[in-house]
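Trainee: Sharing my_file-v5.txt (compact mmCIF, C-alpha atoms and all ligand atoms) below.
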# COMPACT_ATOMS: atom_id res chain seq x y z
CA MET I 133 -76.77 37.14 29.80
CA ASP I 134 -78.26 34.56 27.38
CA LEU I 135 -76.06 33.44 24.54
CA ALA I 136 -77.08 31.95 21.20
CA ILE I 137 -75.58 28.58 20.24
CA ASN I 138 -73.12 30.32 17.88
CA GLN I 139 -71.95 32.66 20.66
CA THR I 140 -69.61 32.45 23.65
CA HIS I 141 -68.35 34.93 26.20
CA GLY I 142 -64.92 36.42 25.49
CA MET I 143 -62.15 33.82 25.51
CA VAL I 144 -59.43 34.16 28.16
CA CYS I 145 -55.78 33.25 27.60
CA ALA I 146 -54.63 32.37 31.10
CA HIS I 147 -50.87 32.40 30.43
CA HIS I 148 -49.42 34.58 27.69
CA HIS I 149 -46.20 36.46 26.94
CA LEU I 150 -47.16 39.45 24.80
CA TYR I 151 -43.47 40.35 24.52
CA SER I 152 -42.90 37.33 22.28
CA SER I 153 -45.16 38.41 19.39
CA LEU I 154 -42.23 39.84 17.41
CA ALA I 155 -40.05 36.76 17.97
CA ARG I 156 -41.34 34.89 14.95
CA GLY I 157 -38.59 34.82 12.34
CA MET I 158 -35.90 35.94 14.78
CA PRO I 159 -32.33 34.75 14.11
CA GLY I 160 -31.98 31.28 15.56
CA PRO I 161 -29.30 30.13 18.00
CA GLU I 162 -25.91 29.16 16.54
CA ALA I 163 -26.29 25.55 17.65
CA PRO I 164 -29.63 23.75 18.00
CA PRO I 165 -30.69 23.83 21.68
CA LEU I 166 -30.46 20.43 23.36
CA SER I 167 -32.47 21.05 26.51
CA PHE I 168 -35.16 23.26 28.02
CA LEU I 169 -32.48 25.41 29.71
CA ASP I 170 -30.66 25.70 26.34
CA ILE I 171 -33.90 26.97 24.77
CA LEU I 172 -34.34 29.54 27.53
CA GLU I 173 -30.73 30.72 27.42
CA SER I 174 -30.24 30.77 23.66
CA ILE I 175 -33.65 32.14 22.63
CA TRP I 176 -35.95 33.70 25.23
CA TRP I 177 -33.37 35.14 27.62
CA LYS I 178 -31.66 36.80 24.64
CA LEU I 179 -34.90 38.19 23.24
CA ASP I 180 -36.03 39.69 26.54
CA GLN I 181 -32.67 41.48 26.95
CA ALA I 182 -33.06 43.12 23.54
CA LEU I 183 -36.50 44.60 24.29
CA ASP I 184 -37.01 48.33 24.78
CA LEU I 185 -40.25 50.16 25.51
CA GLU I 186 -40.95 50.72 21.80
CA SER I 187 -40.58 47.06 20.83
CA ILE I 188 -42.64 46.05 23.87
CA TYR I 189 -45.41 48.38 22.73
CA TRP I 190 -45.60 46.99 19.18
CA SER I 191 -45.20 43.42 20.37
CA ALA I 192 -48.08 43.84 22.83
CA LYS I 193 -50.21 45.62 20.26
CA LEU I 194 -49.70 42.90 17.66
CA GLY I 195 -50.33 40.21 20.28
CA ALA I 196 -53.52 41.93 21.45
CA LEU I 197 -54.74 42.31 17.87
CA GLU I 198 -54.10 38.65 17.12
CA ALA I 199 -55.91 37.71 20.32
CA LEU I 200 -58.96 39.73 19.33
CA GLU I 201 -58.91 38.21 15.85
CA THR I 202 -59.37 34.79 17.48
CA GLY I 203 -62.11 35.84 19.92
CA THR I 204 -59.87 36.30 22.97
CA THR I 205 -60.89 39.44 24.84
CA CYS I 206 -58.89 38.85 28.05
CA ILE I 207 -55.18 38.12 28.40
CA ILE I 208 -53.28 37.14 31.55
CA ASP I 209 -49.81 38.28 30.58
CA HIS I 210 -46.39 37.54 32.06
CA HIS I 211 -43.70 40.03 31.08
CA GLU I 212 -39.90 40.34 31.26
CA SER I 213 -37.59 42.95 29.71
CA PRO I 214 -34.49 43.29 31.91
CA ASN I 215 -33.11 46.31 30.02
CA ALA I 216 -36.46 48.14 29.98
CA VAL I 217 -38.10 47.32 33.29
CA GLU I 218 -39.52 50.61 34.50
CA GLY I 219 -42.80 51.52 32.83
CA SER I 220 -42.99 48.30 30.80
CA LEU I 221 -46.26 47.08 32.35
CA SER I 222 -48.01 50.39 31.58
CA VAL I 223 -46.84 50.18 27.96
CA ILE I 224 -48.42 46.70 27.67
CA ALA I 225 -51.66 47.86 29.30
CA GLU I 226 -51.86 50.90 27.00
CA ALA I 227 -51.31 48.81 23.84
CA CYS I 228 -54.04 46.33 24.85
CA THR I 229 -56.50 49.06 25.78
CA GLU I 230 -56.04 50.71 22.38
CA VAL I 231 -56.88 47.42 20.64
CA GLY I 232 -59.86 46.85 22.96
CA VAL I 233 -58.52 43.77 24.77
CA ARG I 234 -58.50 43.46 28.55
CA VAL I 235 -55.17 42.56 30.12
CA ASN I 236 -53.90 41.48 33.49
CA THR I 237 -50.11 41.77 33.42
CA CYS I 238 -47.17 41.33 35.77
CA TYR I 239 -43.39 41.63 35.72
CA GLY I 240 -41.57 38.29 36.08
CA ILE I 241 -39.12 38.96 38.93
CA THR I 242 -35.87 37.01 38.65
CA ASP I 243 -32.34 36.88 40.06
CA ARG I 244 -30.85 35.53 36.81
CA HIS I 245 -29.44 38.97 35.82
CA PRO I 246 -26.54 38.81 36.17
CA ALA I 247 -26.39 35.11 35.33
CA SER I 248 -25.58 32.96 38.32
CA SER I 249 -25.90 29.37 39.42
CA PHE I 250 -29.44 28.13 40.07
CA PRO I 251 -31.02 28.84 42.43
CA PRO I 252 -29.31 32.16 43.22
CA LYS I 253 -28.26 32.72 46.83
CA SER I 254 -29.69 36.16 47.52
CA MET I 255 -31.83 38.89 46.03
CA THR I 256 -30.17 40.81 43.17
CA GLU I 257 -30.61 44.37 41.93
CA GLY I 258 -32.43 43.00 38.87
CA ALA I 259 -35.03 41.32 41.07
CA ARG I 260 -35.45 44.49 43.11
CA ARG I 261 -36.21 46.44 39.91
CA GLY I 262 -38.75 43.81 38.86
CA LEU I 263 -40.39 43.90 42.27
CA GLU I 264 -40.61 47.69 42.10
CA GLU I 265 -42.17 47.62 38.60
CA ASN I 266 -44.91 45.33 39.92
CA ARG I 267 -45.39 47.68 42.89
CA ARG I 268 -45.46 50.81 40.72
CA PHE I 269 -48.00 49.35 38.29
CA LEU I 270 -50.30 48.00 41.00
CA SER I 271 -50.11 51.15 43.13
CA GLU I 272 -51.07 53.27 40.10
CA GLY I 273 -54.22 51.15 39.74
CA GLY I 274 -52.95 48.83 37.00
CA LYS I 275 -54.75 45.51 36.63
CA GLY I 276 -52.15 42.90 37.44
CA MET I 277 -50.58 40.31 39.64
CA VAL I 278 -47.06 39.99 41.02
CA GLY I 279 -44.89 38.05 38.58
CA LEU I 280 -42.10 35.63 39.33
CA HIS I 281 -40.10 34.07 36.53
CA ALA I 282 -39.71 30.67 38.18
CA ALA I 283 -38.44 29.44 41.52
CA PHE I 284 -35.18 28.10 40.06
CA THR I 285 -34.01 31.56 38.94
CA CYS I 286 -35.00 33.22 42.23
CA SER I 287 -33.41 33.26 45.66
CA ASP I 288 -35.58 32.38 48.68
CA GLU I 289 -35.37 36.04 49.71
CA THR I 290 -36.83 37.11 46.36
CA LEU I 291 -39.65 34.54 46.53
CA ALA I 292 -40.60 35.76 50.02
CA ASN I 293 -40.49 39.44 48.99
CA ALA I 294 -42.68 38.79 45.93
CA ALA I 295 -45.21 36.86 48.02
CA SER I 296 -45.46 39.66 50.57
CA LEU I 297 -45.91 42.29 47.82
CA ALA I 298 -48.76 40.18 46.38
CA LYS I 299 -50.39 40.04 49.84
CA GLU I 300 -49.98 43.78 50.26
CA PHE I 301 -51.98 44.40 47.06
CA ASN I 302 -54.35 41.49 47.61
CA VAL I 303 -53.43 39.87 44.28
CA GLY I 304 -51.90 36.50 43.42
CA ILE I 305 -48.47 35.56 42.10
CA HIS I 306 -48.19 34.53 38.44
CA THR I 307 -45.21 32.21 37.98
CA HIS I 308 -43.82 29.35 35.92
CA VAL I 309 -43.72 26.15 37.97
CA ALA I 310 -41.81 22.97 37.11
CA GLU I 311 -42.00 23.61 33.36
CA GLY I 312 -38.66 21.82 33.00
CA LYS I 313 -36.87 19.37 35.26
CA ILE I 314 -34.49 22.16 36.23
CA ASP I 315 -37.37 23.65 38.28
CA ILE I 316 -38.21 20.40 40.05
CA ALA I 317 -37.66 21.96 43.50
CA ALA I 318 -40.35 24.61 42.87
CA ALA I 319 -43.11 22.90 44.84
CA GLU I 320 -40.94 22.48 47.92
CA ARG I 321 -39.63 26.05 47.76
CA LEU I 322 -43.01 27.71 47.14
CA ASN I 323 -45.06 25.46 49.38
CA SER I 324 -45.26 27.69 52.43
CA LEU I 325 -45.94 30.81 50.30
CA SER I 326 -48.55 29.78 47.71
CA GLN I 327 -52.17 30.93 47.92
CA ASP I 328 -55.39 30.04 46.11
CA ASP I 329 -55.13 33.13 43.86
CA TRP I 330 -51.73 32.11 42.44
CA ILE I 331 -51.29 31.15 38.79
CA LEU I 332 -48.95 28.17 38.35
CA ALA I 333 -47.98 27.94 34.68
CA HIS I 334 -47.08 24.51 33.22
CA GLY I 335 -46.61 22.18 36.21
CA VAL I 336 -45.25 19.50 33.87
CA HIS I 337 -42.86 18.06 36.46
CA LEU I 338 -44.99 18.56 39.57
CA GLU I 339 -45.86 15.52 41.64
CA ASN I 340 -49.56 14.63 41.64
CA GLU I 341 -49.82 15.72 45.28
CA HIS I 342 -47.47 18.70 45.09
CA GLY I 343 -49.14 20.71 47.85
CA LEU I 344 -49.12 24.07 46.01
CA ARG I 345 -52.24 26.24 46.14
CA GLY I 346 -53.45 28.07 43.03
CA THR I 347 -54.66 27.37 39.48
CA VAL I 348 -52.38 25.26 37.29
CA ILE I 349 -52.28 26.51 33.69
CA HIS I 350 -51.83 23.86 31.02
CA ASN I 351 -49.94 25.02 27.89
CA PRO I 352 -50.03 22.00 25.58
CA ARG I 353 -48.54 23.52 22.39
CA SER I 354 -45.64 25.21 24.18
CA ASN I 355 -44.87 22.09 26.19
CA MET I 356 -44.75 20.04 22.99
CA ASN I 357 -42.60 22.68 21.24
CA ASN I 358 -40.08 22.69 24.10
CA SER I 359 -40.14 18.90 24.54
CA ALA I 360 -41.02 19.74 28.14
CA GLY I 361 -43.10 16.57 28.54
CA TYR I 362 -46.82 15.96 28.99
CA ALA I 363 -48.28 17.65 32.07
CA LYS I 364 -51.20 15.17 32.35
CA PRO I 365 -53.29 18.05 33.66
CA LYS I 366 -56.19 15.96 34.96
CA ARG I 367 -54.05 14.44 37.73
CA PHE I 368 -54.06 17.64 39.85
CA SER I 369 -56.57 18.44 42.58
CA ASN I 370 -56.05 22.16 41.78
CA PRO I 371 -58.30 23.92 39.27
CA VAL I 372 -56.63 23.76 35.82
CA GLY I 373 -56.88 26.48 33.16
CA LEU I 374 -55.50 26.77 29.63
CA GLY I 375 -52.77 29.05 28.26
CA THR I 376 -50.62 29.46 25.18
CA ASP I 377 -47.32 30.53 26.80
CA GLY I 378 -46.91 33.22 24.16
CA ILE I 379 -47.72 31.21 21.03
CA GLY I 380 -50.64 33.43 20.04
CA ALA I 381 -53.88 33.52 22.01
CA ASP I 382 -56.20 31.36 19.92
CA MET I 383 -57.97 29.49 22.69
CA ILE I 384 -60.22 27.38 20.45
CA ASP I 385 -57.08 26.14 18.70
CA GLU I 386 -55.29 25.49 22.01
CA PHE I 387 -58.42 23.63 23.22
CA ARG I 388 -58.34 21.46 20.10
CA LEU I 389 -54.66 20.63 20.54
CA GLY I 390 -55.11 20.08 24.27
CA TYR I 391 -57.86 17.60 23.50
CA ALA I 392 -55.79 15.75 20.88
CA ARG I 393 -52.90 15.45 23.36
CA LEU I 394 -55.26 14.29 26.13
CA ARG I 395 -56.88 11.72 23.88
CA GLU I 396 -53.53 10.47 22.62
CA ASN I 397 -52.71 9.67 26.24
CA ASP I 398 -56.10 8.13 27.10
CA VAL I 399 -58.69 7.04 24.52
CA THR I 400 -61.54 7.25 27.06
CA GLU I 401 -61.14 11.04 27.42
CA SER I 402 -63.57 13.64 26.04
CA PRO I 403 -63.22 17.23 24.73
CA GLN I 404 -65.33 18.33 27.69
CA ALA I 405 -62.28 17.89 29.96
CA ILE I 406 -60.36 20.61 28.11
CA TRP I 407 -63.46 22.77 27.57
CA GLU I 408 -63.78 22.91 31.37
CA MET I 409 -60.34 24.54 31.47
CA LEU I 410 -61.76 27.44 29.45
CA GLU I 411 -64.45 27.75 32.13
CA ILE I 412 -61.71 27.92 34.79
CA ASN I 413 -60.07 30.67 32.69
CA ALA I 414 -63.34 32.64 32.76
CA GLY I 415 -63.25 32.51 36.57
CA LEU I 416 -59.70 33.92 36.55
CA PHE I 417 -60.85 36.89 34.44
CA PRO I 418 -64.54 37.42 35.34
CA GLU I 419 -64.87 40.51 33.10
CA SER I 420 -64.76 38.09 30.15
CA GLN I 421 -68.38 37.25 31.04
CA GLN I 422 -69.38 40.77 30.00
CA ASP I 423 -68.01 40.18 26.48
CA ILE I 424 -69.85 38.41 23.66
CA VAL I 425 -68.28 36.71 20.67
CA THR I 426 -70.43 35.58 17.72
CA TRP I 427 -68.60 32.87 15.76
CA SER I 428 -68.47 31.68 12.15
CA TYR I 429 -69.43 28.16 13.24
CA PRO I 430 -73.09 27.49 14.12
CA ASN I 431 -72.55 25.31 17.19
CA MET I 432 -69.98 26.24 19.85
CA ASP I 433 -70.05 22.85 21.52
CA PRO I 434 -66.82 21.06 22.54
CA TRP I 435 -67.64 17.87 20.57
CA HIS I 436 -68.18 20.00 17.45
CA LEU I 437 -65.19 22.27 17.99
CA ALA I 438 -62.70 19.48 18.65
CA PHE I 439 -63.14 18.46 15.01
CA SER I 440 -63.96 21.81 13.33
CA LEU I 441 -60.95 23.74 12.10
CA GLY I 442 -60.75 27.43 11.24
CA VAL I 443 -63.61 28.64 13.47
CA LYS I 444 -63.34 32.45 13.61
CA PRO I 445 -65.18 35.28 15.38
CA ARG I 446 -67.54 37.38 13.28
CA ASP I 447 -68.68 39.98 15.82
CA ILE I 448 -67.19 40.86 19.20
CA VAL I 449 -68.58 43.14 21.88
CA VAL I 450 -66.26 44.05 24.77
CA ALA I 451 -67.83 45.88 27.72
CA GLY I 452 -70.76 46.91 25.52
CA LYS I 453 -68.51 48.26 22.75
CA GLU I 454 -68.44 46.73 19.27
CA VAL I 455 -64.77 45.92 18.65
CA MET I 456 -65.28 43.56 15.69
CA LYS I 457 -68.07 43.65 13.12
CA ASP I 458 -68.43 41.15 10.25
CA GLY I 459 -64.87 39.97 10.91
CA VAL I 460 -63.41 43.49 10.74
CA VAL I 461 -61.60 44.95 13.76
CA MET I 462 -63.19 48.35 14.50
CA THR I 463 -60.82 49.77 17.11
CA VAL I 464 -57.47 50.10 15.35
CA ASP I 465 -55.85 50.25 11.91
CA VAL I 466 -54.89 46.59 11.49
CA ASP I 467 -52.50 47.20 8.54
CA GLU I 468 -50.70 49.94 10.44
CA ILE I 469 -50.15 47.63 13.44
CA ARG I 470 -48.79 44.87 11.22
CA SER I 471 -46.37 47.15 9.36
CA LYS I 472 -45.17 48.99 12.51
CA ALA I 473 -44.75 45.65 14.28
CA ALA I 474 -42.70 44.33 11.32
CA GLU I 475 -40.44 47.42 11.51
CA ALA I 476 -40.05 46.98 15.27
CA ALA I 477 -39.22 43.30 14.71
CA SER I 478 -36.41 44.05 12.26
CA LYS I 479 -34.92 46.61 14.68
CA LEU I 480 -35.18 44.02 17.44
CA PHE I 481 -33.44 41.35 15.34
CA LYS I 482 -30.56 43.78 14.61
CA LYS I 483 -30.19 44.38 18.32
CA LEU I 484 -30.21 40.64 18.94
CA ASP I 485 -27.36 40.27 16.43
CA GLU I 486 -25.36 42.92 18.29
CA LEU I 487 -25.96 41.22 21.62
CA SER I 488 -24.78 37.81 20.46
ZN ZN N 501 -44.59 31.17 30.11
Now, as a test, write the supplied structure out as structure tokens.
Mentor:
Amino acid sequence: MDLAINQTHGMVCAHHHLYSSLARGMPGPEAPPLSFLDILESIWWKLDQALDLESIYWSAKLGALEALETGTTCIIDHHESPNAVEGSLSVIAEACTEVGVRVNTCYGITDRHPASSFPPKSMTEGARRGLEENRRFLSEGGKGMVGLHAAFTCSDETLANAASLAKEFNVGIHTHVAEGKIDIAAAERLNSLSQDDWILAHGVHLENEHGLRGTVIHNPRSNMNNSAGYAKPKRFSNPVGLGTDGIGADMIDEFRLGYARLRENDVTESPQAIWEMLEINAGLFPESQQDIVTWSYPNMDPWHLAFSLGVKPRDIVVAGKEVMKDGVVMTVDVDEIRSKAAEAASKLFKKLDELS
């Protein structure tokens, strides 16, 4: 398919958390978090416990809408909602389909419920439920992978069971890897299990020669926000893609930031290095090649885009269907999604208050 110079194929976000779309404005932790584990425990692991199927639906729908509004037609999602496990992946898939965005989702299996020391010793009931949600979704024909939260919150038994489920369905594992120093043992623990179709999100604290197979996903904005450190993504021999880790799905913006961070570290670098990550993303979600985005900017070239802010899609065609025309989303009532999502967010924040 030939593209004009103001067009691209659909953008792919290679690591997203659609469940976090409602988190903006949520009540903050009592004390400022001092470490990556503090951030997880005081923010994200509270939010995921407060989710129910209704809040998951509106969170995914808002996230999918915001993705489409930035030209992203394909999302590789990683989900967790320990008090609403069963059916959660279908709710996410349904919300995305209604908006007209393609999604590949998974449930992040973990042994951290109930909380234990890291890594947990054996497989918990919570992990079993997560494993079964992945199995249910995949066996019903859902487009997905098998999710793992991260090696440090999983027992060896859980890691092995997740890997064999992924093999059974001929899909990869989607997991966080060495995002924080607390997960430094991930490479050693996953080494004998990993495959080329795995998605390894972050990899900040991986050794250069870590031995894991799979695509490393670089999430520059999230890593900066969590003070996780700079992943130096060019040092890996693995393919490297680009994700947002749940902070929207604007891939042109993430590209721009990824380039600025790369260049800060090495003045000889070029935007092409990060643009290539978007090409890796396209390989992870090949259906994106059937989608066409026509942009507001006349030249979709990495050297232009690195220094051009506010580039927006004008028209989007997904699988032959016009989902945006002249900047207007055609598939859903945008105002309705925003107001229902705001209602769902205030309910969610109330629940968070009760939980704390
Ligand atoms: Zn993540």
Trainee: Between I:Ala282, I:Cys238, I:Leu338, I:Met143, which has the minimum distance to I:Glu212 (counting only C-alpha atoms)?
Mentor: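 Counting only C-alpha atoms, the residue closest to I:Glu212 is I:Cys238.
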Trainee: Hey, which residues sit close to ligand ZN 501 (chain N)? Say within 12 Å, counting only C-alpha atoms and all ligand atoms, and write them as a ChimeraX atom specification.
Mentor: /I:145-152,172,176,208-212,238-240,279-282,306-312,331-335,349-355,358,374-380
Trainee: Starting from the point (-61.2, 15.0, 23.2), work out which residues of protein, DNA or RNA have an atom no more than 7 Å away when counting all atoms listed in the file; state them as a list in words.
Mentor: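 Applying the cut-off with all atoms listed in the file, one gets Tyr391, Ala392, Leu394, Arg395, Glu401, Ser402, Pro403, Gln404 and Ala438 of chain I.
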Trainee: Just to be explicit: take each residue in the selection above, keep C-alpha atoms, and write the result as a PDB file, keeping the file's coordinate frame.
Mentor:
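Result file follows (result15.pdb):
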ATOM      1  CA  TYR I 391     -57.860  17.600  23.500  1.00  0.00           C
ATOM      2  CA  ALA I 392     -55.790  15.750  20.880  1.00  0.00           C
ATOM      3  CA  LEU I 394     -55.260  14.290  26.130  1.00  0.00           C
ATOM      4  CA  ARG I 395     -56.880  11.720  23.880  1.00  0.00           C
ATOM      5  CA  GLU I 401     -61.140  11.040  27.420  1.00  0.00           C
ATOM      6  CA  SER I 402     -63.570  13.640  26.040  1.00  0.00           C
ATOM      7  CA  PRO I 403     -63.220  17.230  24.730  1.00  0.00           C
ATOM      8  CA  GLN I 404     -65.330  18.330  27.690  1.00  0.00           C
ATOM      9  CA  ALA I 438     -62.700  19.480  18.650  1.00  0.00           C
TER      10      ALA I 438
END
Trainee: So how many Å separate atom CA of I:Lys364 and atom CA of I:Ser167, to one decimal?
Mentor: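 Interatomic distance, atom CA of I:Lys364 to atom CA of I:Ser167: 20.5 Å.
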Trainee: With distances taken over only C-alpha atoms, which residue among I:Ser420, I:Thr242, I:Thr463, I:Ser191 lies nearest I:Ala294?
Mentor: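 The answer is I:Thr242, which sits nearest to I:Ala294.
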Trainee: Identify, on the basis of only C-alpha atoms, every residue whose closest approach to I:Ala405 does not exceed 10 Å; exclude the query and any residue fewer than 5 positions from it along the same chain; express the result as a list in words.
Mentor: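 The residues satisfying every condition are Pro365, Lys366, Phe387, Gly390, Tyr391, Leu394, Leu410 and Pro434 of chain I.
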Trainee: Each side padded by 3 Å, which centre and which edge lengths in Å (one decimal) define the axis-aligned box around the listed atoms of stretch 447-465 of chain I? Give them as lines of an AutoDock Vina configuration file.
Mentor:
center_x = -63.3
center_y = 45.1
center_z = 19.0
size_x = 20.9
size_y = 16.3
size_z = 23.5
Trainee: Work out how far apart atom CA of I:Glu264 and atom CA of I:Met277 are and give it in Å to one decimal.
Mentor: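 One can read the atom CA of I:Glu264 to atom CA of I:Met277 distance as 12.6 Å.
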Trainee: Hey, can you check how far atom CA of I:Ile224 sits from atom CA of I:Ala192?
Mentor: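 Rounded to one decimal, the two atoms are 5.6 Å apart.
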Trainee: I'd like to know which of I:Ile207, I:Leu194, I:Leu325, I:Val217 is closest to I:Gln181, using all atoms listed in the file.
Mentor: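 Distance minimum relative to I:Gln181 lands on I:Val217.
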Trainee: Write out as a count of residues only the residues lying within 12 Å of I:Leu263, counting all atoms listed in the file and excluding same-chain residues fewer than 3 positions away.
Mentor: 39
Trainee: Select, from I:Gly442, I:Leu480, I:Gly415, I:Arg156, the residue with the minimum atom-to-atom distance to I:Leu185, counting only C-alpha atoms.
Mentor: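 Of the candidates, the smallest distance to I:Leu185 is held by I:Leu480.
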Trainee: Residues at most 9 Å from I:Leu416, counting all atoms listed in the file, excluding those fewer than 2 positions away in the same chain, as a ChimeraX atom specification?
Mentor: /I:144,146,208,329,347,373,411-414,418
Trainee: Counting only C-alpha atoms, figure out which residue out of I:Leu179, I:Val223, I:Ile448, I:Ala136 gets nearest to I:Ser153.
Mentor: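 Residue with the minimum atom-to-atom distance to I:Ser153: I:Leu179.
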